[in-house]
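Heads up, start_31.csv below (CSV, C-alpha atoms):
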```
chain,number,residue,atom,x,y,z
S,13,MET,CA,-22.9,32.7,19.8
S,14,LYS,CA,-25.1,29.7,18.9
S,15,ARG,CA,-25.1,30.7,15.3
S,16,ILE,CA,-21.3,30.7,14.9
S,17,LEU,CA,-20.7,27.6,17.2
S,18,PRO,CA,-21.2,25.0,14.4
S,19,PHE,CA,-18.7,26.8,12.2
S,20,VAL,CA,-16.2,26.8,15.0
S,21,ILE,CA,-16.7,23.1,15.5
S,22,ILE,CA,-16.3,22.4,11.8
S,23,ALA,CA,-13.2,24.6,11.7
S,24,VAL,CA,-11.7,22.7,14.7
S,25,VAL,CA,-12.4,19.3,13.1
S,26,LEU,CA,-10.9,20.5,9.8
S,27,GLY,CA,-7.8,21.7,11.6
S,28,GLY,CA,-7.6,18.5,13.7
S,29,GLY,CA,-7.9,16.4,10.6
S,30,LEU,CA,-5.1,18.2,8.8
S,31,LEU,CA,-2.9,18.0,11.8
S,32,THR,CA,-3.6,14.3,12.2
S,33,ALA,CA,-2.7,13.7,8.5
S,34,ARG,CA,0.5,15.7,8.9
S,35,TYR,CA,1.4,13.8,12.1
S,36,LEU,CA,0.7,10.4,10.4
S,37,GLN,CA,2.7,11.4,7.3
S,38,GLY,CA,5.6,12.5,9.4
S,39,ALA,CA,5.6,9.2,11.3
S,40,SER,CA,5.5,7.1,8.1
S,41,THR,CA,8.3,8.9,6.2
S,42,GLU,CA,10.9,8.5,9.0
S,43,THR,CA,13.4,6.0,7.5
S,44,PRO,CA,16.0,4.5,9.7
S,45,LYS,CA,19.7,4.8,8.8
S,46,LEU,CA,20.8,1.4,7.7
S,47,SER,CA,24.2,-0.1,7.2
S,48,PRO,CA,25.4,-0.7,3.7
S,49,SER,CA,25.2,-3.8,1.7
S,50,PRO,CA,28.4,-5.7,1.3
S,51,ASN,CA,27.6,-5.7,-2.4
S,52,ALA,CA,27.2,-1.9,-2.4
S,53,SER,CA,29.8,0.2,-4.2
S,54,PRO,CA,33.1,0.6,-2.4
S,55,ASN,CA,32.4,4.3,-2.8
S,56,ALA,CA,29.4,4.1,-0.6
S,57,SER,CA,29.1,7.1,1.8
S,58,ALA,CA,31.5,7.2,4.7
S,59,GLU,CA,28.6,8.1,7.0
S,60,ALA,CA,26.9,4.8,6.3
S,61,SER,CA,30.1,2.7,6.5
S,62,VAL,CA,30.6,3.5,10.1
S,63,VAL,CA,27.5,1.5,11.0
S,64,ALA,CA,28.0,-2.2,12.0
S,65,PRO,CA,27.8,-4.5,9.1
S,66,ASN,CA,24.6,-6.5,8.6
S,67,GLU,CA,24.1,-10.1,7.5
S,68,PRO,CA,25.7,-10.7,4.1
S,69,GLY,CA,22.8,-12.6,2.6
S,70,ALA,CA,23.2,-15.5,0.1
S,71,GLU,CA,26.5,-15.7,-1.7
S,72,PRO,CA,27.1,-15.2,-4.5
S,73,SER,CA,24.2,-12.8,-4.8
S,74,HIS,CA,22.1,-12.4,-7.9
S,75,ALA,CA,23.6,-9.3,-9.4
S,76,LEU,CA,23.4,-7.6,-12.8
S,77,GLY,CA,26.1,-5.1,-13.7
S,78,ASP,CA,29.7,-4.4,-12.8
S,79,ALA,CA,30.8,-5.0,-9.3
S,80,LYS,CA,32.6,-1.7,-9.5
S,81,ALA,CA,29.5,0.2,-10.7
S,82,PRO,CA,29.2,3.4,-8.6
S,83,VAL,CA,25.5,2.7,-7.9
S,84,THR,CA,24.1,-0.5,-6.5
S,85,LEU,CA,20.4,-1.0,-6.2
S,86,GLU,CA,19.6,-3.9,-3.9
S,87,GLU,CA,16.0,-5.1,-4.0
S,88,PHE,CA,14.3,-7.3,-1.5
S,89,GLY,CA,11.4,-8.8,-3.5
S,90,ASP,CA,8.5,-11.2,-3.3
S,91,PHE,CA,7.5,-12.6,-6.6
S,92,GLU,CA,3.8,-12.7,-5.7
S,93,CYS,CA,3.7,-9.1,-4.4
S,94,PRO,CA,1.8,-6.9,-6.9
S,95,PRO,CA,4.0,-3.7,-6.2
S,96,CYS,CA,7.1,-5.8,-6.8
S,97,GLY,CA,5.6,-6.9,-10.2
S,98,MET,CA,5.1,-3.2,-10.9
S,99,LEU,CA,8.7,-2.3,-9.9
S,100,HIS,CA,10.1,-5.0,-12.2
S,101,PRO,CA,9.7,-3.0,-15.5
S,102,VAL,CA,11.0,0.1,-13.7
S,103,LEU,CA,14.3,-1.6,-12.7
S,104,LYS,CA,14.5,-3.2,-16.2
S,105,GLY,CA,14.3,0.3,-17.7
S,106,ILE,CA,17.0,1.6,-15.3
S,107,GLU,CA,19.2,-1.4,-16.2
S,108,THR,CA,18.9,-0.6,-19.9
S,109,GLU,CA,19.2,3.2,-19.6
S,110,TYR,CA,22.2,3.3,-17.3
S,111,GLY,CA,24.0,0.2,-18.4
S,112,PRO,CA,26.1,-2.3,-16.3
S,113,GLN,CA,29.1,0.1,-15.8
S,114,LYS,CA,27.0,2.6,-13.9
S,115,VAL,CA,24.2,0.7,-12.1
S,116,ARG,CA,24.4,-2.7,-10.5
S,117,ILE,CA,21.1,-4.4,-9.6
S,118,VAL,CA,21.0,-7.1,-6.8
S,119,PHE,CA,18.0,-9.2,-6.1
S,120,ARG,CA,17.3,-10.7,-2.7
S,121,GLU,CA,14.6,-13.2,-1.9
S,122,PHE,CA,12.0,-12.0,0.7
S,123,PRO,CA,8.9,-14.2,0.2
S,124,LEU,CA,6.1,-13.0,2.4
S,125,VAL,CA,4.6,-16.2,3.6
S,126,PRO,CA,1.9,-17.1,4.6
S,127,ASN,CA,0.3,-13.9,3.1
S,128,HIS,CA,1.4,-14.9,-0.4
S,129,VAL,CA,0.8,-18.7,-0.8
S,130,HIS,CA,2.9,-19.1,-3.9
S,131,ALA,CA,5.8,-16.7,-3.1
S,132,LEU,CA,8.0,-19.4,-1.7
S,133,ALA,CA,7.5,-21.7,-4.6
S,134,ALA,CA,8.3,-18.9,-7.0
S,135,ALA,CA,11.5,-18.0,-5.0
S,136,ARG,CA,12.5,-21.7,-5.1
S,137,ALA,CA,12.0,-21.9,-8.8
S,138,ALA,CA,14.1,-18.7,-9.4
S,139,GLU,CA,16.8,-20.0,-7.1
S,140,ALA,CA,16.8,-23.4,-8.7
S,141,ALA,CA,17.1,-21.7,-12.1
S,142,GLY,CA,20.0,-19.7,-10.6
S,143,LEU,CA,21.9,-22.9,-9.9
S,144,GLN,CA,21.9,-23.5,-13.6
S,145,GLY,CA,23.0,-20.0,-14.3
S,146,LYS,CA,19.5,-18.7,-15.4
S,147,PHE,CA,18.3,-16.9,-12.4
S,148,TRP,CA,17.5,-13.6,-14.2
S,149,GLU,CA,15.7,-15.4,-17.1
S,150,MET,CA,13.4,-17.1,-14.6
S,151,HIS,CA,13.1,-14.0,-12.4
S,152,ASP,CA,11.9,-12.0,-15.5
S,153,LEU,CA,9.4,-14.7,-16.6
S,154,ILE,CA,7.9,-15.1,-13.1
S,155,TYR,CA,7.4,-11.3,-12.7
S,156,GLU,CA,6.2,-10.7,-16.2
S,157,HIS,CA,3.6,-13.5,-15.9
S,158,GLN,CA,2.7,-12.7,-12.2
S,159,LYS,CA,-1.0,-12.2,-13.1
S,160,ASP,CA,-1.1,-15.6,-14.9
S,161,TRP,CA,0.0,-17.7,-11.9
S,162,HIS,CA,-0.7,-15.9,-8.7
S,163,GLU,CA,-4.3,-17.2,-8.6
S,164,ALA,CA,-3.5,-20.7,-9.8
S,165,PHE,CA,-4.1,-23.6,-7.4
S,166,ASP,CA,-0.9,-25.4,-8.3
S,167,VAL,CA,1.9,-23.3,-9.7
S,168,ARG,CA,4.5,-26.1,-10.2
S,169,PRO,CA,3.4,-27.0,-13.7
S,170,ILE,CA,3.5,-23.3,-14.6
S,171,PHE,CA,7.0,-22.8,-13.3
S,172,ASP,CA,8.1,-26.1,-14.9
S,173,GLY,CA,6.8,-24.6,-18.2
S,174,TYR,CA,9.0,-21.5,-17.7
S,175,ALA,CA,12.0,-23.7,-16.8
S,176,LYS,CA,11.5,-25.6,-20.1
S,177,SER,CA,11.2,-22.5,-22.1
S,178,ILE,CA,14.6,-21.2,-20.9
S,179,GLY,CA,16.2,-24.6,-21.6
S,180,LEU,CA,16.9,-25.8,-18.0
S,181,ASP,CA,17.7,-29.4,-17.3
S,182,MET,CA,14.3,-30.4,-15.9
S,183,LYS,CA,15.4,-33.3,-13.7
S,184,GLN,CA,18.0,-31.0,-12.0
S,185,PHE,CA,15.5,-28.2,-11.8
S,186,THR,CA,12.8,-30.3,-10.1
S,187,GLU,CA,15.4,-31.8,-7.6
S,188,GLU,CA,17.0,-28.5,-6.8
S,189,SER,CA,13.7,-26.6,-6.4
S,190,ALA,CA,13.2,-28.6,-3.2
S,191,SER,CA,16.9,-28.8,-2.2
S,192,GLU,CA,18.6,-27.6,0.9
S,193,ILE,CA,20.9,-25.3,-1.0
S,194,VAL,CA,18.0,-23.4,-2.4
S,195,GLU,CA,16.2,-23.3,0.9
S,196,ARG,CA,19.4,-22.0,2.5
S,197,ARG,CA,19.8,-19.2,0.0
S,198,ILE,CA,16.3,-18.0,0.7
S,199,PHE,CA,16.9,-18.2,4.4
S,200,LEU,CA,20.1,-16.2,4.2
S,201,ASP,CA,18.5,-13.5,2.1
S,202,GLY,CA,15.7,-13.4,4.7
S,203,LYS,CA,18.2,-13.1,7.5
S,204,ARG,CA,19.9,-10.2,5.7
S,205,ALA,CA,16.4,-8.6,5.2
S,206,HIS,CA,15.6,-8.9,8.9
S,207,SER,CA,19.0,-7.5,9.9
S,208,LEU,CA,18.3,-4.4,7.7
S,209,GLY,CA,14.9,-4.0,9.2
S,210,VAL,CA,13.0,-4.8,6.0
S,211,SER,CA,9.4,-5.5,6.8
S,212,GLY,CA,7.7,-5.3,3.4
S,213,THR,CA,8.3,-5.6,-0.3
S,214,PRO,CA,9.6,-4.2,-2.5
S,215,THR,CA,12.3,-2.6,-0.4
S,216,VAL,CA,15.2,-1.1,-2.3
S,217,PHE,CA,18.5,0.1,-1.0
S,218,LEU,CA,20.5,2.5,-3.1
S,219,ASN,CA,24.2,2.2,-2.1
S,220,GLY,CA,23.1,0.9,1.3
S,221,LYS,CA,20.5,3.6,2.0
S,222,GLU,CA,16.8,2.7,1.9
S,223,VAL,CA,14.8,4.3,-0.9
S,224,PRO,CA,11.4,5.4,0.4
S,225,PHE,CA,8.7,3.4,-1.3
S,226,GLN,CA,7.1,6.5,-2.8
S,227,SER,CA,10.4,7.3,-4.5
S,228,LEU,CA,10.5,4.0,-6.5
S,229,ALA,CA,8.6,5.5,-9.5
S,230,PRO,CA,11.0,6.1,-12.4
S,231,ASP,CA,10.7,9.9,-12.3
S,232,LYS,CA,11.7,9.9,-8.6
S,233,LEU,CA,14.3,7.0,-8.7
S,234,LYS,CA,16.3,8.4,-11.6
S,235,PRO,CA,17.2,11.7,-9.9
S,236,LEU,CA,18.4,9.7,-6.8
S,237,ILE,CA,20.6,7.6,-9.1
S,238,ASN,CA,21.8,10.6,-11.0
S,239,ALA,CA,22.7,12.3,-7.7
S,240,GLU,CA,24.8,9.3,-6.6
S,241,LEU,CA,26.5,9.1,-9.9
S,242,ALA,CA,27.3,12.8,-9.8
S,243,ALA,CA,28.7,12.4,-6.2
S,244,HIS,CA,31.0,9.6,-7.4
S,245,GLN,CA,32.4,11.4,-10.5
U,15,MET,CA,-44.3,16.1,6.6
U,16,SER,CA,-47.3,15.7,8.8
U,17,SER,CA,-48.5,18.8,10.5
U,18,ILE,CA,-46.9,19.5,13.9
U,19,ASN,CA,-48.6,21.7,16.4
U,20,GLU,CA,-46.8,24.3,18.4
U,21,THR,CA,-46.5,22.2,21.6
U,22,ASP,CA,-44.8,19.4,19.7
U,23,ARG,CA,-42.1,21.6,18.0
U,24,PRO,CA,-39.5,21.4,20.8
U,25,VAL,CA,-39.8,17.5,20.8
U,26,VAL,CA,-39.3,17.3,17.0
U,27,ALA,CA,-36.4,19.8,17.1
U,28,ARG,CA,-34.7,17.8,19.9
U,29,ARG,CA,-35.1,14.5,18.0
U,30,ALA,CA,-33.7,16.1,14.9
U,31,ALA,CA,-30.8,17.6,16.8
U,32,ILE,CA,-29.9,14.2,18.4
U,33,LEU,CA,-30.1,12.4,15.1
U,34,TYR,CA,-27.9,15.0,13.3
U,35,GLY,CA,-25.5,15.0,16.3
U,36,ALA,CA,-25.2,11.2,16.0
U,37,ILE,CA,-24.6,11.5,12.2
U,38,ALA,CA,-21.9,14.0,12.9
U,39,LEU,CA,-20.2,11.8,15.5
U,40,VAL,CA,-20.4,8.7,13.3
U,41,SER,CA,-19.0,10.6,10.3
U,42,LEU,CA,-16.0,11.6,12.5
U,43,ILE,CA,-15.1,7.8,12.8
U,44,GLY,CA,-15.3,7.6,9.0
U,45,LEU,CA,-13.2,10.8,8.6
U,46,THR,CA,-10.4,9.4,10.9
U,47,ASP,CA,-10.4,6.1,9.0
U,48,ALA,CA,-10.3,7.8,5.6
U,49,ILE,CA,-7.5,10.2,6.7
U,50,TYR,CA,-5.4,7.2,8.0
U,51,LEU,CA,-6.0,5.3,4.7
U,52,THR,CA,-5.1,8.3,2.6
U,53,VAL,CA,-1.8,8.8,4.5
U,54,GLU,CA,-1.0,5.1,4.2
U,55,HIS,CA,-1.7,5.2,0.5
U,56,LEU,CA,0.4,8.4,-0.1
U,57,SER,CA,3.3,7.1,2.0
U,58,GLY,CA,3.2,3.8,0.3
U,59,ARG,CA,3.3,1.9,3.5
U,60,SER,CA,0.2,-0.2,2.9
U,61,VAL,CA,0.7,-0.2,-0.8
U,62,ARG,CA,3.8,-2.3,-0.2
U,63,CYS,CA,3.3,-5.9,0.6
U,64,THR,CA,4.0,-6.5,4.2
U,65,ILE,CA,3.9,-9.5,6.5
U,66,THR,CA,1.0,-8.3,8.5
U,67,SER,CA,-1.0,-6.0,6.3
U,68,GLY,CA,-4.0,-7.2,4.4
U,69,CYS,CA,-4.5,-3.9,2.6
U,70,SER,CA,-1.6,-4.1,0.2
U,71,GLU,CA,-3.5,-5.8,-2.6
U,72,VAL,CA,-6.5,-3.5,-2.2
U,73,LEU,CA,-4.6,-0.3,-2.0
U,74,SER,CA,-2.2,-1.2,-4.8
U,75,SER,CA,-5.0,-2.1,-7.1
U,76,GLU,CA,-6.1,0.1,-9.9
U,77,TYR,CA,-9.4,0.8,-8.1
U,78,ALA,CA,-7.6,2.6,-5.2
U,79,THR,CA,-7.2,5.8,-7.3
U,80,VAL,CA,-9.6,7.9,-9.3
U,81,ARG,CA,-7.8,10.0,-12.0
U,82,GLY,CA,-4.7,9.8,-9.9
U,83,TYR,CA,-6.3,10.8,-6.6
U,84,PRO,CA,-6.4,8.3,-3.8
U,85,LEU,CA,-10.0,7.1,-3.3
U,86,ALA,CA,-9.5,7.3,0.4
U,87,ALA,CA,-8.9,11.1,0.1
U,88,LEU,CA,-12.3,11.4,-1.7
U,89,GLY,CA,-13.8,9.4,1.2
U,90,ALA,CA,-12.2,11.8,3.7
U,91,VAL,CA,-13.8,14.8,1.8
U,92,ALA,CA,-17.2,13.0,1.7
U,93,TYR,CA,-17.1,12.3,5.5
U,94,PHE,CA,-16.0,15.8,6.2
U,95,THR,CA,-18.9,17.2,4.1
U,96,VAL,CA,-21.4,14.9,6.0
U,97,PHE,CA,-19.9,16.0,9.3
U,98,SER,CA,-20.3,19.7,8.4
U,99,LEU,CA,-23.8,19.4,7.0
U,100,ALA,CA,-25.0,17.3,10.1
U,101,THR,CA,-23.3,19.8,12.5
U,102,LEU,CA,-25.0,22.8,10.9
U,103,ALA,CA,-28.3,20.9,10.7
U,104,ALA,CA,-28.0,20.0,14.4
U,105,PHE,CA,-27.6,23.7,15.2
U,106,GLY,CA,-30.8,24.7,13.4
U,107,TYR,CA,-29.7,25.0,9.8
U,108,ARG,CA,-32.3,22.4,8.9
U,109,GLY,CA,-32.3,23.1,5.1
U,110,LEU,CA,-28.7,21.8,4.9
U,111,GLY,CA,-29.8,18.6,6.5
U,112,LYS,CA,-31.8,17.8,3.4
U,113,LEU,CA,-28.5,17.6,1.4
U,114,LEU,CA,-27.4,14.7,3.5
U,115,LEU,CA,-29.8,12.2,1.9
U,116,PRO,CA,-28.5,12.4,-1.7
U,117,LEU,CA,-24.8,12.6,-0.5
U,118,VAL,CA,-25.1,9.6,1.8
U,119,ALA,CA,-27.0,7.7,-0.9
U,120,VAL,CA,-24.1,8.2,-3.3
U,121,MET,CA,-21.6,7.2,-0.6
U,122,PHE,CA,-23.6,4.0,0.1
U,123,LEU,CA,-23.8,3.0,-3.5
U,124,THR,CA,-20.0,3.6,-3.8
U,125,THR,CA,-19.5,1.4,-0.7
U,126,LEU,CA,-21.5,-1.4,-2.3
U,127,TRP,CA,-19.4,-1.2,-5.5
U,128,LEU,CA,-16.2,-1.2,-3.4
U,129,LEU,CA,-17.3,-4.3,-1.4
U,130,TYR,CA,-18.1,-6.0,-4.7
U,131,LEU,CA,-14.6,-5.2,-6.0
U,132,GLN,CA,-12.9,-6.5,-2.9
U,133,ALA,CA,-14.9,-9.7,-2.8
U,134,PHE,CA,-15.1,-10.6,-6.5
U,135,VAL,CA,-12.3,-8.7,-8.4
U,136,ILE,CA,-9.4,-8.1,-6.0
U,137,HIS,CA,-10.2,-11.2,-3.8
U,138,HIS,CA,-8.8,-9.4,-0.8
U,139,PHE,CA,-10.4,-7.4,2.0
U,140,CYS,CA,-8.8,-4.4,3.7
U,141,GLN,CA,-10.0,-4.0,7.3
U,142,TYR,CA,-9.9,-0.2,7.1
U,143,CYS,CA,-12.0,-0.3,4.0
U,144,LEU,CA,-14.5,-2.6,5.8
U,145,LEU,CA,-14.7,-0.2,8.7
U,146,SER,CA,-15.5,2.6,6.2
U,147,ALA,CA,-18.2,0.4,4.7
U,148,LEU,CA,-19.7,-0.1,8.2
U,149,VAL,CA,-19.6,3.6,9.0
U,150,THR,CA,-21.3,4.5,5.7
U,151,THR,CA,-24.0,1.9,6.3
U,152,VAL,CA,-24.7,3.3,9.8
U,153,LEU,CA,-24.8,6.8,8.3
U,154,THR,CA,-27.3,5.7,5.7
U,155,VAL,CA,-29.6,4.3,8.3
U,156,LEU,CA,-29.3,7.4,10.5
U,157,VAL,CA,-29.9,9.8,7.6
U,158,ALA,CA,-32.9,7.7,6.4
U,159,VAL,CA,-34.4,7.9,9.9
U,160,SER,CA,-33.8,11.6,10.1
U,161,SER,CA,-35.4,12.2,6.7
U,162,LYS,CA,-38.5,10.2,7.7
U,163,PRO,CA,-41.6,12.4,8.3
U,164,VAL,CA,-42.3,12.8,12.0
U,165,ARG,CA,-45.7,11.8,13.3
U,166,VAL,CA,-46.4,13.3,16.8
U,167,LYS,CA,-49.6,12.3,18.6
```

Output the file's structure in the form of structure tokens.
Amino acid sequence: MKRILPFVIIAVVLGGGLLTARYLQGASTETPKLSPSPNASPNASAEASVVAPNEPGAEPSHALGDAKAPVTLEEFGDFECPPCGMLHPVLKGIETEYGPQKVRIVFREFPLVPNHVHALAAARAAEAAGLQGKFWEMHDLIYEHQKDWHEAFDVRPIFDGYAKSIGLDMKQFTEESASEIVERRIFLDGKRAHSLGVSGTPTVFLNGKEVPFQSLAPDKLKPLINAELAAHQ
Amino acid sequence: MSSINETDRPVVARRAAILYGAIALVSLIGLTDAIYLTVEHLSGRSVRCTITSGCSEVLSSEYATVRGYPLAALGAVAYFTVFSLATLAAFGYRGLGKLLLPLVAVMFLTTLWLLYLQAFVIHHFCQYCLLSALVTTVLTVLVAVSSKPVRVK
């Protein structure tokens, strides 16, 4: 008996380890059913539309693509968050591949302060650019150069450089970066995020339904979009 | 190893069994931690940036995977191997106990490398990775003690 006892113990620990992994995985993949975005397609599923509406977020939202596009991807992002930076080219690729008639992309501010010290400044810069009609140009520059600024001590001169490069009125940009209207837009997007139960970034909703984080890779996200498109044909 | 006379054998065997038992128990802490980190990594929960987590930067870095496999999963395999070898050694399979020293040495060197990456490259620390570093350090000390020649008066 003593000879086989250690093997029994090892087998029990192996089984226990596998069961623990399975339990933890099950707990982490449970995604709550969330109500749809008001920006989501009017064709959003009937099942989701019976849920009470959530906070609308800042209006008008930053959206790329046709308002009647059958698929709406609503991203809650933090400009300093590395996975958000990695998602940026993925969404860019989807925007190019599907076009504005099929997919609409909405960006919501969700700066994770105080974890990310420059996230709020980046959100303010993007929103201030938005007030001059250049939100997406600034959004792209901030994400594409994330590695250049996220360790900087003072990011303002860097964002000022981006603002200049996209031809913003610098006086207006500086004033509006610290303005109440910009502050309020970020606050309203944050309110919407909290009402939807968003706790991390990037969080993406596809026609009002949260896409699990592990499905945000292009090879997994595209089948989800294709399925929605097929359902609305 | 110094010569041990017949009357000392039970004492030496008991000491070795206690040490191997301790190694097995400590490796269980590391195994649980590594399983948790692996699941977090695969589910993407900690890889996302969250308000409370400090692990997002570490687990989303390029160093968190080796050829596509989560480093935490390799850690779990390593801790399970240490647990198995120590358990078998505690039950009298002493030859297997000798394999612990090279295995734990590799784990300790890997831990030092990961601590360096967290401190000087990623500039963020993940508390679960630090717990793993502590467990590996304790294992290294225990294995070093168990490998030391026994001198019985």

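Shell of stretch 108-122 of chain S at 6 Å, with all atoms listed in the file counted and residues fewer than 5 places along the chain excluded, is His74, Ala75, Leu76, Gly77, Asp78, Ala81, Pro82, Val83, Thr84, Leu85, Glu86, Glu87, Phe88, Gly89, Asp90, Ile198, Asp201 and Gly202 of chain S.
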
When the cut-off is 8 Å and we count all atoms listed in the file, which residues of chain S are near chain U, given as a VMD selection string? chain S and resid 14 to 15 18 to 19 21 to 22 26 29 32 to 33 36 to 37 40 to 41 93 to 95 124 to 125 127 211 to 214 225 to 226

Select, counting all atoms listed in the file, all protein, DNA and RNA residues no farther than 12 Å from (-30.9, 14.2, 14.4) in file coordinates, and express the selection as a PyMOL selection string. chain U and resi 25-40+99-108+111-112+114+153+155-162+164

Selection from above, C-alpha atoms, as a short mmCIF file (atom, residue, chain, number, x, y, z; two decimals), in the coordinates of the input, can you write it?
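This went into selection.cif:
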```
data_model
loop_
_atom_site.label_atom_id
_atom_site.label_comp_id
_atom_site.auth_asym_id
_atom_site.auth_seq_id
_atom_site.Cartn_x
_atom_site.Cartn_y
_atom_site.Cartn_z
CA VAL U 25 -39.80 17.50 20.80
CA VAL U 26 -39.30 17.30 17.00
CA ALA U 27 -36.40 19.80 17.10
CA ARG U 28 -34.70 17.80 19.90
CA ARG U 29 -35.10 14.50 18.00
CA ALA U 30 -33.70 16.10 14.90
CA ALA U 31 -30.80 17.60 16.80
CA ILE U 32 -29.90 14.20 18.40
CA LEU U 33 -30.10 12.40 15.10
CA TYR U 34 -27.90 15.00 13.30
CA GLY U 35 -25.50 15.00 16.30
CA ALA U 36 -25.20 11.20 16.00
CA ILE U 37 -24.60 11.50 12.20
CA ALA U 38 -21.90 14.00 12.90
CA LEU U 39 -20.20 11.80 15.50
CA VAL U 40 -20.40 8.70 13.30
CA LEU U 99 -23.80 19.40 7.00
CA ALA U 100 -25.00 17.30 10.10
CA THR U 101 -23.30 19.80 12.50
CA LEU U 102 -25.00 22.80 10.90
CA ALA U 103 -28.30 20.90 10.70
CA ALA U 104 -28.00 20.00 14.40
CA PHE U 105 -27.60 23.70 15.20
CA GLY U 106 -30.80 24.70 13.40
CA TYR U 107 -29.70 25.00 9.80
CA ARG U 108 -32.30 22.40 8.90
CA GLY U 111 -29.80 18.60 6.50
CA LYS U 112 -31.80 17.80 3.40
CA LEU U 114 -27.40 14.70 3.50
CA LEU U 153 -24.80 6.80 8.30
CA VAL U 155 -29.60 4.30 8.30
CA LEU U 156 -29.30 7.40 10.50
CA VAL U 157 -29.90 9.80 7.60
CA ALA U 158 -32.90 7.70 6.40
CA VAL U 159 -34.40 7.90 9.90
CA SER U 160 -33.80 11.60 10.10
CA SER U 161 -35.40 12.20 6.70
CA LYS U 162 -38.50 10.20 7.70
CA VAL U 164 -42.30 12.80 12.00
#
```

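When only C-alpha atoms are used to measure the gap to U:Gly89, the shortest distance among U:Gln141, U:Gln132, U:Thr151, U:Ser41 belongs to U:Ser41.
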
Selection: 10 Å around S:Lys203, all atoms listed in the file, excl. self and same-chain fewer than 2 positions, as a JSON list (two decimals) with C-alpha atoms, in the coordinates of the input:
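Okay, out-v6.json is ready:
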```json
[["chain", "number", "residue", "atom", "x", "y", "z"],
["S", 66, "ASN", "CA", 24.60, -6.50, 8.60],
["S", 67, "GLU", "CA", 24.10, -10.10, 7.50],
["S", 68, "PRO", "CA", 25.70, -10.70, 4.10],
["S", 69, "GLY", "CA", 22.80, -12.60, 2.60],
["S", 70, "ALA", "CA", 23.20, -15.50, 0.10],
["S", 122, "PHE", "CA", 12.00, -12.00, 0.70],
["S", 197, "ARG", "CA", 19.80, -19.20, 0.00],
["S", 198, "ILE", "CA", 16.30, -18.00, 0.70],
["S", 199, "PHE", "CA", 16.90, -18.20, 4.40],
["S", 200, "LEU", "CA", 20.10, -16.20, 4.20],
["S", 201, "ASP", "CA", 18.50, -13.50, 2.10],
["S", 205, "ALA", "CA", 16.40, -8.60, 5.20],
["S", 206, "HIS", "CA", 15.60, -8.90, 8.90],
["S", 207, "SER", "CA", 19.00, -7.50, 9.90],
["S", 208, "LEU", "CA", 18.30, -4.40, 7.70],
["S", 209, "GLY", "CA", 14.90, -4.00, 9.20],
["S", 210, "VAL", "CA", 13.00, -4.80, 6.00]]
```

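Between S:Val167 and the candidates S:Val129, S:Cys96, S:Ala190, S:Met150, the tightest atom-to-atom separation, counting all atoms listed in the file, involves S:Val129.
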
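Of the listed residues (S:Ala140, S:Val216, S:Ala134, S:Leu17), S:Ala140 comes nearest to S:Gln184; the distances count all atoms listed in the file.
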